[in-house]
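Next comes data11.tsv, a file with TSV, C-alpha atoms.
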```tsv
chain	number	residue	atom	x	y	z
A	876	MET	CA	-9.02	30.45	-25.15
A	877	ASN	CA	-10.33	26.95	-24.69
A	878	ASP	CA	-12.82	26.57	-21.87
A	879	ARG	CA	-12.01	22.88	-21.27
A	880	PRO	CA	-8.96	23.17	-18.99
A	881	SER	CA	-10.91	25.13	-16.36
A	882	GLY	CA	-13.69	22.48	-16.50
A	883	ASP	CA	-11.12	19.70	-16.10
A	884	ASN	CA	-9.54	21.61	-13.23
A	885	GLU	CA	-12.96	22.06	-11.61
A	886	ASN	CA	-13.67	18.31	-11.95
A	887	LYS	CA	-10.27	17.50	-10.49
A	888	GLN	CA	-10.85	19.81	-7.52
A	889	ARG	CA	-14.32	18.37	-6.94
A	890	PHE	CA	-12.92	14.82	-7.11
A	891	GLU	CA	-10.18	15.68	-4.63
A	892	ALA	CA	-12.66	17.34	-2.26
A	893	GLU	CA	-15.35	14.64	-2.40
A	894	ALA	CA	-13.50	11.39	-3.15
A	895	LEU	CA	-9.96	11.60	-1.81
A	896	ILE	CA	-11.15	12.28	1.74
A	897	HIS	CA	-12.21	8.61	1.91
A	898	LEU	CA	-8.75	7.23	1.08
A	899	ASN	CA	-7.92	5.94	4.58
A	900	THR	CA	-11.34	4.34	5.03
A	901	LEU	CA	-11.11	2.60	1.67
A	902	HIS	CA	-7.58	1.41	2.40
A	903	ARG	CA	-8.57	0.00	5.79
A	904	THR	CA	-11.39	-1.99	4.20
A	905	ALA	CA	-9.25	-3.03	1.23
A	906	LEU	CA	-6.73	-4.44	3.70
A	907	ARG	CA	-9.51	-6.45	5.34
A	908	MET	CA	-10.63	-7.77	1.96
A	909	THR	CA	-7.24	-8.66	0.52
A	910	LYS	CA	-5.29	-9.48	3.73
A	911	ASN	CA	-2.20	-8.05	2.06
A	912	GLU	CA	-0.80	-4.50	2.14
A	913	GLY	CA	0.38	-4.53	-1.49
A	914	ASP	CA	-2.90	-5.93	-2.81
A	915	ALA	CA	-4.82	-3.42	-0.68
A	916	ASP	CA	-2.78	-0.56	-2.15
A	917	ASP	CA	-3.44	-1.87	-5.66
A	918	LEU	CA	-7.16	-2.26	-4.98
A	919	VAL	CA	-7.48	1.29	-3.65
A	920	GLN	CA	-5.45	2.66	-6.55
A	921	ASP	CA	-7.62	0.80	-9.06
A	922	THR	CA	-10.72	2.07	-7.27
A	923	TYR	CA	-9.61	5.70	-7.50
A	924	MET	CA	-8.51	5.32	-11.11
A	925	LYS	CA	-11.91	3.92	-12.07
A	926	ALA	CA	-13.73	6.51	-9.97
A	927	TYR	CA	-11.83	9.35	-11.61
A	928	ARG	CA	-12.42	7.90	-15.07
A	929	PHE	CA	-16.17	7.78	-14.41
A	930	TRP	CA	-16.38	10.89	-12.24
A	931	ASP	CA	-18.76	12.46	-14.74
A	932	LYS	CA	-21.24	9.63	-13.92
A	933	PHE	CA	-21.19	10.42	-10.20
A	934	GLU	CA	-24.33	12.28	-9.15
A	935	GLU	CA	-23.32	15.38	-7.24
A	936	GLY	CA	-24.92	15.40	-3.80
A	937	SER	CA	-25.19	11.61	-3.56
A	938	ASN	CA	-23.14	9.45	-1.19
A	939	CYS	CA	-19.60	9.50	-2.62
A	940	ARG	CA	-18.29	7.15	0.07
A	941	ALA	CA	-20.87	4.49	-0.81
A	942	TRP	CA	-20.15	4.99	-4.53
A	943	LEU	CA	-16.42	4.44	-3.96
A	944	PHE	CA	-17.09	1.35	-1.83
A	945	LYS	CA	-19.30	-0.04	-4.58
A	946	ILE	CA	-16.50	0.40	-7.11
A	947	MET	CA	-13.94	-1.14	-4.76
A	948	THR	CA	-16.18	-4.08	-3.83
A	949	ASN	CA	-16.91	-4.83	-7.49
A	950	LEU	CA	-13.21	-4.67	-8.36
A	951	PHE	CA	-12.40	-6.99	-5.48
A	952	ILE	CA	-15.08	-9.48	-6.43
A	953	ASN	CA	-14.25	-9.40	-10.13
A	954	ASP	CA	-10.46	-9.25	-10.06
A	955	TYR	CA	-8.83	-9.95	-6.75
A	956	ARG	CA	-11.08	-12.72	-5.49
A	957	ALA	CA	-10.73	-14.58	-8.77
A	958	LYS	CA	-6.97	-14.65	-8.20
A	959	SER	CA	-7.21	-15.81	-4.60
A	960	ARG	CA	-7.72	-19.23	-3.14
A	961	SER	CA	-10.87	-21.19	-3.78
A	962	PRO	CA	-13.83	-20.12	-1.64
A	963	GLN	CA	-14.07	-21.45	1.87
A	964	ILE	CA	-16.91	-23.84	2.57
A	965	VAL	CA	-18.93	-23.15	5.67
A	966	ASP	CA	-21.19	-25.75	7.21
A	967	LEU	CA	-24.06	-23.57	8.36
A	968	GLU	CA	-25.31	-26.37	10.59
A	969	ASP	CA	-22.29	-25.62	12.80
A	970	VAL	CA	-23.43	-22.02	13.29
A	971	ASP	CA	-25.44	-21.75	16.50
A	972	ASP	CA	-27.67	-18.67	16.36
A	973	ASP	CA	-27.46	-18.03	20.10
A	974	PHE	CA	-23.86	-19.04	20.74
A	975	LEU	CA	-22.50	-15.75	22.07
A	976	PHE	CA	-25.60	-13.57	21.99
A	977	GLY	CA	-27.29	-15.42	24.83
A	978	HIS	CA	-24.24	-15.04	27.04
A	979	LEU	CA	-23.79	-11.37	26.15
A	980	SER	CA	-27.42	-10.51	26.77
A	981	ALA	CA	-27.12	-12.07	30.23
A	982	LEU	CA	-24.48	-9.45	31.10
A	983	GLY	CA	-27.14	-6.79	31.56
A	984	PRO	CA	-29.51	-4.54	29.67
A	985	ALA	CA	-28.15	-3.19	26.41
A	986	ASP	CA	-29.78	-2.23	23.16
A	987	ASN	CA	-27.46	-4.45	21.18
A	988	PRO	CA	-25.10	-6.70	23.14
A	989	GLU	CA	-23.12	-7.68	20.02
A	990	LYS	CA	-22.51	-4.06	19.09
A	991	HIS	CA	-21.50	-3.31	22.69
A	992	PHE	CA	-19.04	-6.19	22.57
A	993	PHE	CA	-17.50	-5.20	19.22
A	994	ASN	CA	-17.30	-1.53	20.24
A	995	LYS	CA	-15.54	-2.50	23.48
A	996	VAL	CA	-13.03	-4.82	21.88
A	997	PHE	CA	-11.14	-4.55	18.64
A	998	ASP	CA	-7.65	-5.87	18.87
A	999	ASP	CA	-5.60	-8.32	16.85
A	1000	ASP	CA	-7.66	-11.38	17.83
A	1001	VAL	CA	-10.87	-9.73	16.68
A	1002	LYS	CA	-9.25	-8.48	13.46
A	1003	LEU	CA	-7.96	-11.99	12.82
A	1004	ALA	CA	-11.44	-13.46	13.38
A	1005	ILE	CA	-12.86	-11.03	10.82
A	1006	ASP	CA	-10.03	-11.76	8.39
A	1007	GLU	CA	-10.74	-15.50	8.64
A	1008	LEU	CA	-14.39	-15.13	7.65
A	1009	PRO	CA	-15.27	-16.42	4.17
A	1010	ASP	CA	-15.15	-13.50	1.71
A	1011	ASP	CA	-18.92	-13.32	1.13
A	1012	PHE	CA	-19.53	-12.88	4.86
A	1013	LYS	CA	-16.44	-10.75	5.50
A	1014	ILE	CA	-17.44	-8.08	2.98
A	1015	VAL	CA	-20.86	-7.45	4.54
A	1016	VAL	CA	-19.49	-7.64	8.11
A	1017	VAL	CA	-16.77	-5.10	7.34
A	1018	LEU	CA	-19.18	-2.77	5.54
A	1019	SER	CA	-21.68	-2.99	8.41
A	1020	PHE	CA	-19.62	-3.14	11.61
A	1021	LEU	CA	-16.51	-1.26	10.60
A	1022	GLU	CA	-17.82	1.19	8.02
A	1023	GLY	CA	-21.33	1.71	9.41
A	1024	PHE	CA	-23.25	1.25	6.16
A	1025	SER	CA	-26.97	0.44	6.34
A	1026	TYR	CA	-28.43	-2.77	4.91
A	1027	GLN	CA	-29.65	-0.87	1.85
A	1028	GLU	CA	-26.27	0.79	1.29
A	1029	ILE	CA	-24.51	-2.59	1.57
A	1030	ALA	CA	-27.02	-4.07	-0.90
A	1031	ASP	CA	-26.28	-1.22	-3.31
A	1032	ILE	CA	-22.52	-1.53	-2.86
A	1033	THR	CA	-22.41	-5.30	-3.32
A	1034	ASP	CA	-25.24	-5.64	-5.89
A	1035	LEU	CA	-27.04	-8.08	-3.62
A	1036	GLN	CA	-30.67	-8.28	-2.58
A	1037	ILE	CA	-31.27	-6.75	0.85
A	1038	GLY	CA	-32.42	-10.16	2.14
A	1039	THR	CA	-29.12	-11.70	1.04
A	1040	VAL	CA	-27.23	-8.92	2.83
A	1041	LYS	CA	-29.19	-9.54	6.03
A	1042	SER	CA	-28.66	-13.28	5.76
A	1043	ARG	CA	-24.91	-12.97	5.16
A	1044	LEU	CA	-24.56	-10.45	7.95
A	1045	HIS	CA	-26.49	-12.73	10.31
A	1046	ARG	CA	-24.35	-15.74	9.41
A	1047	GLY	CA	-21.15	-13.69	9.51
A	1048	ARG	CA	-22.05	-12.50	13.01
A	1049	LYS	CA	-22.66	-16.04	14.14
A	1050	LEU	CA	-19.33	-17.21	12.72
A	1051	LEU	CA	-17.61	-14.33	14.52
A	1052	GLN	CA	-19.40	-15.14	17.76
A	1053	LYS	CA	-18.24	-18.72	17.60
A	1054	SER	CA	-14.62	-17.81	16.85
A	1055	LEU	CA	-14.54	-15.09	19.52
A	1056	TRP	CA	-16.07	-17.15	22.33
A	1057	LYS	CA	-12.72	-18.30	23.74
A	1058	TYR	CA	-11.27	-14.84	23.23
A	1059	ALA	CA	-14.12	-13.30	25.26
A	1060	ILE	CA	-13.60	-15.75	28.14
A	1061	LYS	CA	-9.81	-15.32	28.07
A	1062	ASN	CA	-10.10	-11.53	28.31
A	1063	GLY	CA	-12.80	-11.54	31.00
A	1064	PHE	CA	-15.65	-10.20	28.88
A	1065	ILE	CA	-17.66	-13.33	29.61
A	1066	LYS	CA	-17.45	-15.68	32.56
A	1067	GLU	CA	-16.93	-19.30	31.69
A	1068	PRO	CA	-20.13	-21.27	32.20
A	1069	ALA	CA	-20.14	-23.34	35.36
```
In structure tokens, how does this file's structure come out?
Amino acid sequence: MNDRPSGDNENKQRFEAEALIHLNTLHRTALRMTKNEGDADDLVQDTYMKAYRFWDKFEEGSNCRAWLFKIMTNLFINDYRAKSRSPQIVDLEDVDDDFLFGHLSALGPADNPEKHFFNKVFDDDVKLAIDELPDDFKIVVVLSFLEGFSYQEIADITDLQIGTVKSRLHRGRKLLQKSLWKYAIKNGFIKEPA
């Protein structure tokens, strides 16, 4: 008897146990990246196809979730983004570093007022604000805030220097703060300045 089928079956079972458990998380992020259910489905499918094809390259015991996100992010950058609209231009002079942070920190002691705010609120207005971020900023914001990856993991996933990740995350936060200012006032999270 040929030994190969049992090895293939073992690989398939390992792939299902380690990789397929991240399907919903990948789909949620793919939807954020593509802004379209059909494109998100395609992106996740392409991610899993590529992951399965290169499953023998995956180091057992390493972070499978981060590996899958790296594949998906690279596919998005290489394929899907090339098909989408031209990149948005952001005038970074319009990004005030203390726009929302100063007001949030005045609400009381907290380790991280921004994190407190984003954990407290996540409805359609916030999702829309994230969706409207330029792709370069959106990817790192989604990977950090929504998926909980560390700076180093995001750098590995996106093939960026850690300083670039920090910079994009900083600027992405500031863009979100600016777009969510009116939302925060409207919903009573912040009192309108006198």
request  = Please provide the set of residues having any atom within 9 Å of Asn949 in chain A, restricted to only C-alpha atoms, with same-chain residues fewer than 4 positions apart removed, written as a list in words.
outcome  =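 The residues that qualify are Phe944, Lys945, Asn953, Asp954, Ile1032, Thr1033 and Asp1034 of chain A.
If only C-alpha atoms are the atoms counted, then among A:Phe929, A:Phe951, A:Tyr923, A:Trp942 the closest residue to Thr909 in chain A is A:Phe951.
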inquiry  = Report, in Å with one decimal, the straight-line distance from CA of Ala1004 in chain A to CA of Gln1027 in chain A.
reply    = 25.0 Å
message = Can you tell me which residues surround Gly1047 in chain A at a distance of at most 9 Å, considering all atoms listed in the file, apart from same-chain residues fewer than 6 positions away, and format the answer as a list in words?
response =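 Near Gly1047 in chain A, the qualifying residues are Ile1005, Leu1008, Pro1009, Asp1011, Phe1012, Lys1013, Val1015 and Val1016 of chain A.
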note = One residue among A:Lys1002, A:His902, A:Arg928, A:Lys1057 is nearest to Lys887 in chain A when using all atoms listed in the file, and that residue is A:Arg928
key: Length of the CA of Leu1003 in chain A to CA of Arg1043 in chain A vector [Å]   =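 Between CA of Leu1003 in chain A and CA of Arg1043 in chain A the gap works out to 18.6 Å.
Across the model, the gap from CA of Arg1046 in chain A to CA of Val919 in chain A is 27.3 Å.
The smallest atom-to-atom distance between Met924 in chain A and any of A:Ala894, A:Leu1050, A:Val1040, A:Leu906, using all atoms listed in the file, is found for A:Ala894.
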key: Residues within 12 Å of Glu1022 in chain A, all atoms listed in the file, excluding chain neighbours under 6 positions, as a list in words   =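 The filter keeps His897, Asn899, Thr900, Leu901, His902, Arg903, Thr904, Ala905, Arg907, Arg940, Ala941, Phe944, Ile1014, Val1015, Val1016, Glu1028 and Ile1029 of chain A.
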message = Given only C-alpha atoms as the basis, pick out the residue of A:Gln1052, A:Lys1041, A:Asp1010, A:Leu1021 nearest to Met908 in chain A.
response = A:Asp1010
Proximity to Ala915 in chain A - best of A:Ile1060, A:Ala1030, A:Leu950, A:Ile1037, all atoms listed in the file =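 Nearest candidate to Ala915 in chain A out of A:Ile1060, A:Ala1030, A:Leu950, A:Ile1037: A:Leu950.
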remark   = Of A:Leu1055, A:Asn886, A:Ile1065, A:Lys910, the one nearest to Lys932 in chain A when counting all atoms listed in the file is A:Asn886
